[in-house]
Amino acid sequence: MSKHVSFMVLLWLVLSGCAQDEIYRSDISECLVTPSNQCGTSSFQVYNDAGFKYSLATVEIDDQGQLQKRDQLDLMLNKLKSEEAALIVVFVHGWHHNAQGATPEEYEDLNIQNFRNQLAAISGQEKKSASPRKIFGVYVGWRGDSIEVDGLNVATFWERKNTAEEVGHLGLTEILLRLEEIRDNKNTDASKPKSRLVVVGHSFGGAAVFSATAQIFADRYIKKHYGEGHHKDLDNSHEGFGDLVVLINPAFEALRYAPLYDMAQSDCIDNPDQKPKLTILTSEG
């Protein structure tokens, strides 16, 4: 009897602690953040922290890799198109995180807080420029936990890892390619400051970003180095994706990266002017 009761208690804890695959930013509108209004349910927030101005768009993806609400993406893209030049920074969170904003009932997700701090710091540096560009952050949210009970949520590792890869293969790929297209269109005008696109993924977010970009890296490398009309002696640069992709402690097996590395090394040519296109940062311990 005691075993049966224990099992029922455990089952109740799991079921009651299940994290819903819900949308956090249901208000599809621009919202100016003030001390009295944190705009926690808005998908597009505008900040002016002590003169450090930046925008933060949130786009959410469900467990199947589909956009939770396409209106989030449409609003974000329309706002970005209206800017003359922008520094676009995309952050994809990892395990145990989501797109929860600050509301009277809930605290803002810690990853969002940290991302905002980084955007404010970038804004502080950019405003020193003679022609400062708009700081445009994009936070990609997905269900980083399927169980919210502390202790039990460690059992979600492999399931959330698989979900992160689904997020990358589908919805995230569309988001990134459309952002890159806007950056490219902005940069056709040589008289304006260059717009830049940097994509950062942490933990399972790194796995999602790699899933979204690995095939793009490979496709562009092959076309650039083996495509018709290419002259290796005249152009040995690598196109990559955007301006830089950064993976921080990416939660995937090193063997997944091996084919891309092998491809690049097979035709390795010293090019001192080549800027990094993919950076992987890991910590020990």
# chains A, B, ... in the order shown; residues from 1 in each chain; ligands from 1
call {"tool": "select_by_dssp", "arguments": {"residues": "stretch 43-102 of chain A", "states": "strand (DSSP E)", "output": "ChimeraX atom specification"}}
result
/A:43-49,52-60,86-92
call {"tool": "write_last_selection", "arguments": {"atoms": "N, CA and C atoms", "output": "mmCIF file, in the first residue's frame"}}
result
data_model
loop_
_atom_site.group_PDB
_atom_site.id
_atom_site.type_symbol
_atom_site.label_atom_id
_atom_site.label_comp_id
_atom_site.auth_asym_id
_atom_site.auth_seq_id
_atom_site.Cartn_x
_atom_site.Cartn_y
_atom_site.Cartn_z
ATOM 1 N N SER A 43 5.290 41.524 -26.931
ATOM 2 C CA SER A 43 6.296 40.849 -27.754
ATOM 3 C C SER A 43 7.347 41.812 -28.297
ATOM 4 N N PHE A 44 7.125 43.114 -28.110
ATOM 5 C CA PHE A 44 8.114 44.092 -28.586
ATOM 6 C C PHE A 44 8.241 45.197 -27.550
ATOM 7 N N GLN A 45 9.385 45.219 -26.873
ATOM 8 C CA GLN A 45 9.615 46.179 -25.799
ATOM 9 C C GLN A 45 10.672 47.199 -26.211
ATOM 10 N N VAL A 46 10.443 48.434 -25.818
ATOM 11 C CA VAL A 46 11.387 49.514 -26.082
ATOM 12 C C VAL A 46 11.917 50.009 -24.746
ATOM 13 N N TYR A 47 13.248 50.050 -24.615
ATOM 14 C CA TYR A 47 13.890 50.431 -23.359
ATOM 15 C C TYR A 47 14.690 51.718 -23.532
ATOM 16 N N ASN A 48 14.727 52.491 -22.458
ATOM 17 C CA ASN A 48 15.596 53.658 -22.379
ATOM 18 C C ASN A 48 16.145 53.698 -20.957
ATOM 19 N N ASP A 49 17.124 52.828 -20.702
ATOM 20 C CA ASP A 49 17.704 52.689 -19.367
ATOM 21 C C ASP A 49 18.828 53.706 -19.181
ATOM 22 N N PHE A 52 20.499 54.544 -22.250
ATOM 23 C CA PHE A 52 20.903 53.409 -23.077
ATOM 24 C C PHE A 52 19.650 52.855 -23.762
ATOM 25 N N LYS A 53 19.496 53.197 -25.027
ATOM 26 C CA LYS A 53 18.273 52.851 -25.743
ATOM 27 C C LYS A 53 18.456 51.569 -26.555
ATOM 28 N N TYR A 54 17.439 50.726 -26.509
ATOM 29 C CA TYR A 54 17.450 49.510 -27.323
ATOM 30 C C TYR A 54 16.037 48.944 -27.394
ATOM 31 N N SER A 55 15.835 48.082 -28.376
ATOM 32 C CA SER A 55 14.561 47.380 -28.528
ATOM 33 C C SER A 55 14.784 45.900 -28.283
ATOM 34 N N LEU A 56 13.764 45.241 -27.759
ATOM 35 C CA LEU A 56 13.846 43.806 -27.506
ATOM 36 C C LEU A 56 12.571 43.133 -28.008
ATOM 37 N N ALA A 57 12.727 42.338 -29.058
ATOM 38 C CA ALA A 57 11.608 41.578 -29.613
ATOM 39 C C ALA A 57 11.698 40.141 -29.118
ATOM 40 N N THR A 58 10.552 39.547 -28.847
ATOM 41 C CA THR A 58 10.498 38.147 -28.427
ATOM 42 C C THR A 58 9.695 37.352 -29.444
ATOM 43 N N VAL A 59 10.278 36.243 -29.886
ATOM 44 C CA VAL A 59 9.585 35.332 -30.795
ATOM 45 C C VAL A 59 9.619 33.951 -30.155
ATOM 46 N N GLU A 60 8.460 33.313 -30.032
ATOM 47 C CA GLU A 60 8.365 32.031 -29.340
ATOM 48 C C GLU A 60 8.090 30.886 -30.309
ATOM 49 N N ALA A 86 21.161 48.909 -38.086
ATOM 50 C CA ALA A 86 20.931 48.275 -36.790
ATOM 51 C C ALA A 86 22.021 47.264 -36.467
ATOM 52 N N LEU A 87 22.286 47.128 -35.179
ATOM 53 C CA LEU A 87 23.080 46.024 -34.660
ATOM 54 C C LEU A 87 22.078 45.007 -34.123
ATOM 55 N N ILE A 88 21.946 43.902 -34.820
ATOM 56 C CA ILE A 88 20.937 42.895 -34.482
ATOM 57 C C ILE A 88 21.615 41.773 -33.703
ATOM 58 N N VAL A 89 21.151 41.545 -32.487
ATOM 59 C CA VAL A 89 21.709 40.489 -31.647
ATOM 60 C C VAL A 89 20.588 39.518 -31.298
ATOM 61 N N VAL A 90 20.763 38.265 -31.683
ATOM 62 C CA VAL A 90 19.774 37.223 -31.412
ATOM 63 C C VAL A 90 20.299 36.335 -30.291
ATOM 64 N N PHE A 91 19.444 36.052 -29.313
ATOM 65 C CA PHE A 91 19.832 35.137 -28.232
ATOM 66 C C PHE A 91 18.800 34.023 -28.126
ATOM 67 N N VAL A 92 19.292 32.783 -28.128
ATOM 68 C CA VAL A 92 18.435 31.609 -27.963
ATOM 69 C C VAL A 92 18.814 30.947 -26.645
#
call {"tool": "residues_around", "arguments": {"residues": "stretch 165-180 of chain A", "least_positions_apart": "5", "cutoff": "6 Å", "atoms": "only C-alpha atoms", "output": "list in words"}}
result
Gly65, Gln66, Leu67, Ala208, Val209, Ser211, Ala212 and Gly242 of chain A
call {"tool": "write_last_selection", "arguments": {"atoms": "N, CA and C atoms", "output": "PDB file, in the first residue's frame"}}
result
ATOM      1  N   GLY A  65       8.631  22.913 -33.156  1.00  0.00           N
ATOM      2  CA  GLY A  65       9.448  23.775 -33.991  1.00  0.00           C
ATOM      3  C   GLY A  65       8.660  24.804 -34.770  1.00  0.00           C
ATOM      4  N   GLN A  66       7.377  24.949 -34.444  1.00  0.00           N
ATOM      5  CA  GLN A  66       6.528  25.906 -35.149  1.00  0.00           C
ATOM      6  C   GLN A  66       6.417  27.197 -34.345  1.00  0.00           C
ATOM      7  N   LEU A  67       6.313  28.315 -35.045  1.00  0.00           N
ATOM      8  CA  LEU A  67       6.134  29.588 -34.363  1.00  0.00           C
ATOM      9  C   LEU A  67       4.853  29.544 -33.530  1.00  0.00           C
ATOM     10  N   ALA A 208      20.186  24.350 -30.676  1.00  0.00           N
ATOM     11  CA  ALA A 208      19.153  24.826 -31.601  1.00  0.00           C
ATOM     12  C   ALA A 208      19.767  25.683 -32.705  1.00  0.00           C
ATOM     13  N   VAL A 209      20.670  26.586 -32.324  1.00  0.00           N
ATOM     14  CA  VAL A 209      21.308  27.463 -33.314  1.00  0.00           C
ATOM     15  C   VAL A 209      22.150  26.645 -34.296  1.00  0.00           C
ATOM     16  N   SER A 211      21.691  23.512 -35.129  1.00  0.00           N
ATOM     17  CA  SER A 211      20.761  22.787 -35.998  1.00  0.00           C
ATOM     18  C   SER A 211      20.214  23.694 -37.093  1.00  0.00           C
ATOM     19  N   ALA A 212      20.009  24.973 -36.749  1.00  0.00           N
ATOM     20  CA  ALA A 212      19.447  25.918 -37.713  1.00  0.00           C
ATOM     21  C   ALA A 212      20.463  26.384 -38.746  1.00  0.00           C
ATOM     22  N   GLY A 242      25.240  35.379 -41.379  1.00  0.00           N
ATOM     23  CA  GLY A 242      25.232  36.658 -40.690  1.00  0.00           C
ATOM     24  C   GLY A 242      26.644  37.198 -40.585  1.00  0.00           C
TER      25      GLY A 242
END
call {"tool": "closest_residue", "arguments": {"among": "A:Asp262, A:Glu22, A:Asp184, A:Glu83", "to": "A:Ile61", "atoms": "only C-alpha atoms"}}
result
A:Glu22
call {"tool": "atom_distance", "arguments": {"atom1": "atom CA of A:Phe204", "atom2": "atom CA of A:Gln68"}}
result
18.7 Å
call {"tool": "closest_residue", "arguments": {"among": "A:Glu239, A:Glu159, A:Glu253, A:Asp189", "to": "A:Phe210", "atoms": "only C-alpha atoms"}}
result
A:Glu253
call {"tool": "decode", "arguments": {"residues": "stretch 116-251 of chain A", "atoms": "C-alpha atoms", "output": "short mmCIF file (atom, residue, chain, number, x, y, z; two decimals), in the first residue's frame"}}
result
data_model
loop_
_atom_site.label_atom_id
_atom_site.label_comp_id
_atom_site.auth_asym_id
_atom_site.auth_seq_id
_atom_site.Cartn_x
_atom_site.Cartn_y
_atom_site.Cartn_z
CA ARG A 116 18.87 43.12 -21.54
CA ASN A 117 21.99 44.03 -19.57
CA GLN A 118 24.14 43.08 -22.55
CA LEU A 119 21.97 45.10 -24.94
CA ALA A 120 22.25 48.13 -22.65
CA ALA A 121 26.05 47.72 -22.58
CA ILE A 122 26.18 47.50 -26.39
CA SER A 123 24.00 50.62 -26.57
CA GLY A 124 26.44 52.43 -24.31
CA GLN A 125 29.32 51.61 -26.64
CA GLU A 126 27.43 52.34 -29.84
CA LYS A 127 26.23 55.79 -28.79
CA LYS A 128 29.89 56.89 -28.72
CA SER A 129 29.98 56.37 -32.48
CA ALA A 130 29.61 59.29 -34.87
CA SER A 131 26.72 57.45 -36.54
CA PRO A 132 25.17 55.23 -33.86
CA ARG A 133 23.06 52.34 -35.04
CA LYS A 134 19.86 51.06 -33.48
CA ILE A 135 20.39 48.26 -30.95
CA PHE A 136 17.90 45.55 -31.81
CA GLY A 137 17.70 42.45 -29.62
CA VAL A 138 15.76 39.32 -30.52
CA TYR A 139 15.04 36.80 -27.76
CA VAL A 140 13.95 33.41 -29.09
CA GLY A 141 11.88 31.61 -26.47
CA TRP A 142 10.93 27.95 -26.29
CA ARG A 143 9.91 25.54 -23.53
CA GLY A 144 13.24 24.95 -21.80
CA ASP A 145 11.59 22.83 -19.11
CA SER A 146 8.76 20.33 -19.46
CA ILE A 147 8.67 19.75 -15.68
CA GLU A 148 8.99 22.68 -13.28
CA VAL A 149 9.50 20.72 -10.05
CA ASP A 150 13.04 21.23 -8.77
CA GLY A 151 14.92 17.95 -8.71
CA LEU A 152 12.51 16.22 -11.05
CA ASN A 153 13.28 18.58 -13.92
CA VAL A 154 16.77 17.08 -14.30
CA ALA A 155 15.05 14.09 -15.88
CA THR A 156 14.05 16.27 -18.85
CA PHE A 157 17.60 16.60 -20.20
CA TRP A 158 17.38 14.28 -23.21
CA GLU A 159 13.79 15.16 -24.01
CA ARG A 160 14.56 18.90 -23.99
CA LYS A 161 17.72 18.30 -26.02
CA ASN A 162 15.65 16.64 -28.75
CA THR A 163 13.15 19.49 -28.61
CA ALA A 164 15.92 22.08 -28.97
CA GLU A 165 17.05 20.40 -32.17
CA GLU A 166 13.47 20.47 -33.49
CA VAL A 167 13.29 24.17 -32.64
CA GLY A 168 16.46 24.75 -34.64
CA HIS A 169 15.54 22.69 -37.70
CA LEU A 170 12.23 24.45 -38.24
CA GLY A 171 11.08 27.75 -36.72
CA LEU A 172 14.48 29.14 -35.81
CA THR A 173 15.85 28.67 -39.33
CA GLU A 174 13.10 30.88 -40.73
CA ILE A 175 13.68 33.58 -38.12
CA LEU A 176 17.42 33.73 -38.77
CA LEU A 177 17.21 33.70 -42.55
CA ARG A 178 14.65 36.49 -42.60
CA LEU A 179 16.79 38.59 -40.26
CA GLU A 180 19.80 38.04 -42.49
CA GLU A 181 17.80 39.08 -45.53
CA ILE A 182 16.88 42.38 -43.87
CA ARG A 183 20.50 42.97 -42.88
CA ASP A 184 21.60 42.35 -46.47
CA ASN A 185 18.98 44.75 -47.83
CA LYS A 186 20.09 47.48 -45.43
CA ASN A 187 23.71 47.05 -46.43
CA THR A 188 23.06 47.73 -50.12
CA ASP A 189 23.29 51.45 -49.34
CA ALA A 190 27.01 52.13 -48.96
CA SER A 191 26.37 55.63 -47.60
CA LYS A 192 24.85 54.27 -44.38
CA PRO A 193 26.57 52.49 -41.47
CA LYS A 194 26.75 48.74 -41.89
CA SER A 195 24.06 46.70 -40.15
CA ARG A 196 25.34 43.62 -38.33
CA LEU A 197 23.76 40.33 -37.31
CA VAL A 198 25.15 38.26 -34.43
CA VAL A 199 23.48 35.05 -33.24
CA VAL A 200 24.18 33.61 -29.78
CA GLY A 201 22.95 30.29 -28.43
CA HIS A 202 23.55 28.96 -24.92
CA SER A 203 23.34 25.33 -23.78
CA PHE A 204 20.40 23.72 -25.60
CA GLY A 205 19.98 27.08 -27.30
CA GLY A 206 23.42 26.46 -28.80
CA ALA A 207 22.18 23.10 -30.06
CA ALA A 208 19.15 24.83 -31.60
CA VAL A 209 21.31 27.46 -33.31
CA PHE A 210 23.69 24.83 -34.67
CA SER A 211 20.76 22.79 -36.00
CA ALA A 212 19.45 25.92 -37.71
CA THR A 213 22.74 27.03 -39.26
CA ALA A 214 24.93 23.96 -39.86
CA GLN A 215 23.38 23.11 -43.22
CA ILE A 216 23.52 26.78 -44.23
CA PHE A 217 27.24 26.89 -43.39
CA ALA A 218 27.88 23.72 -45.39
CA ASP A 219 25.79 24.79 -48.38
CA ARG A 220 27.46 28.19 -48.64
CA TYR A 221 30.93 26.73 -48.20
CA ILE A 222 30.40 24.23 -51.03
CA LYS A 223 28.93 26.81 -53.39
CA LYS A 224 31.67 29.31 -52.61
CA HIS A 225 34.61 26.93 -52.95
CA TYR A 226 33.41 24.40 -55.50
CA GLY A 227 30.67 26.21 -57.37
CA GLU A 228 30.86 27.06 -61.05
CA GLY A 229 33.02 30.07 -61.79
CA HIS A 230 34.89 30.08 -58.49
CA HIS A 231 38.58 30.93 -58.61
CA LYS A 232 40.31 29.81 -55.43
CA ASP A 233 43.33 32.05 -56.02
CA LEU A 234 41.14 35.16 -56.31
CA ASP A 235 38.71 34.59 -53.45
CA ASN A 236 39.31 32.20 -50.56
CA SER A 237 37.03 33.85 -48.02
CA HIS A 238 34.22 32.11 -46.12
CA GLU A 239 30.72 33.53 -46.19
CA GLY A 240 29.25 31.84 -43.11
CA PHE A 241 25.96 33.08 -41.71
CA GLY A 242 25.23 36.66 -40.69
CA ASP A 243 28.29 38.33 -39.23
CA LEU A 244 28.99 35.90 -36.40
CA VAL A 245 27.44 32.83 -34.78
CA VAL A 246 28.46 32.16 -31.17
CA LEU A 247 27.69 28.92 -29.33
CA ILE A 248 28.25 29.07 -25.56
CA ASN A 249 28.57 25.68 -23.86
CA PRO A 250 26.44 24.12 -26.60
CA ALA A 251 24.71 20.97 -25.37
#
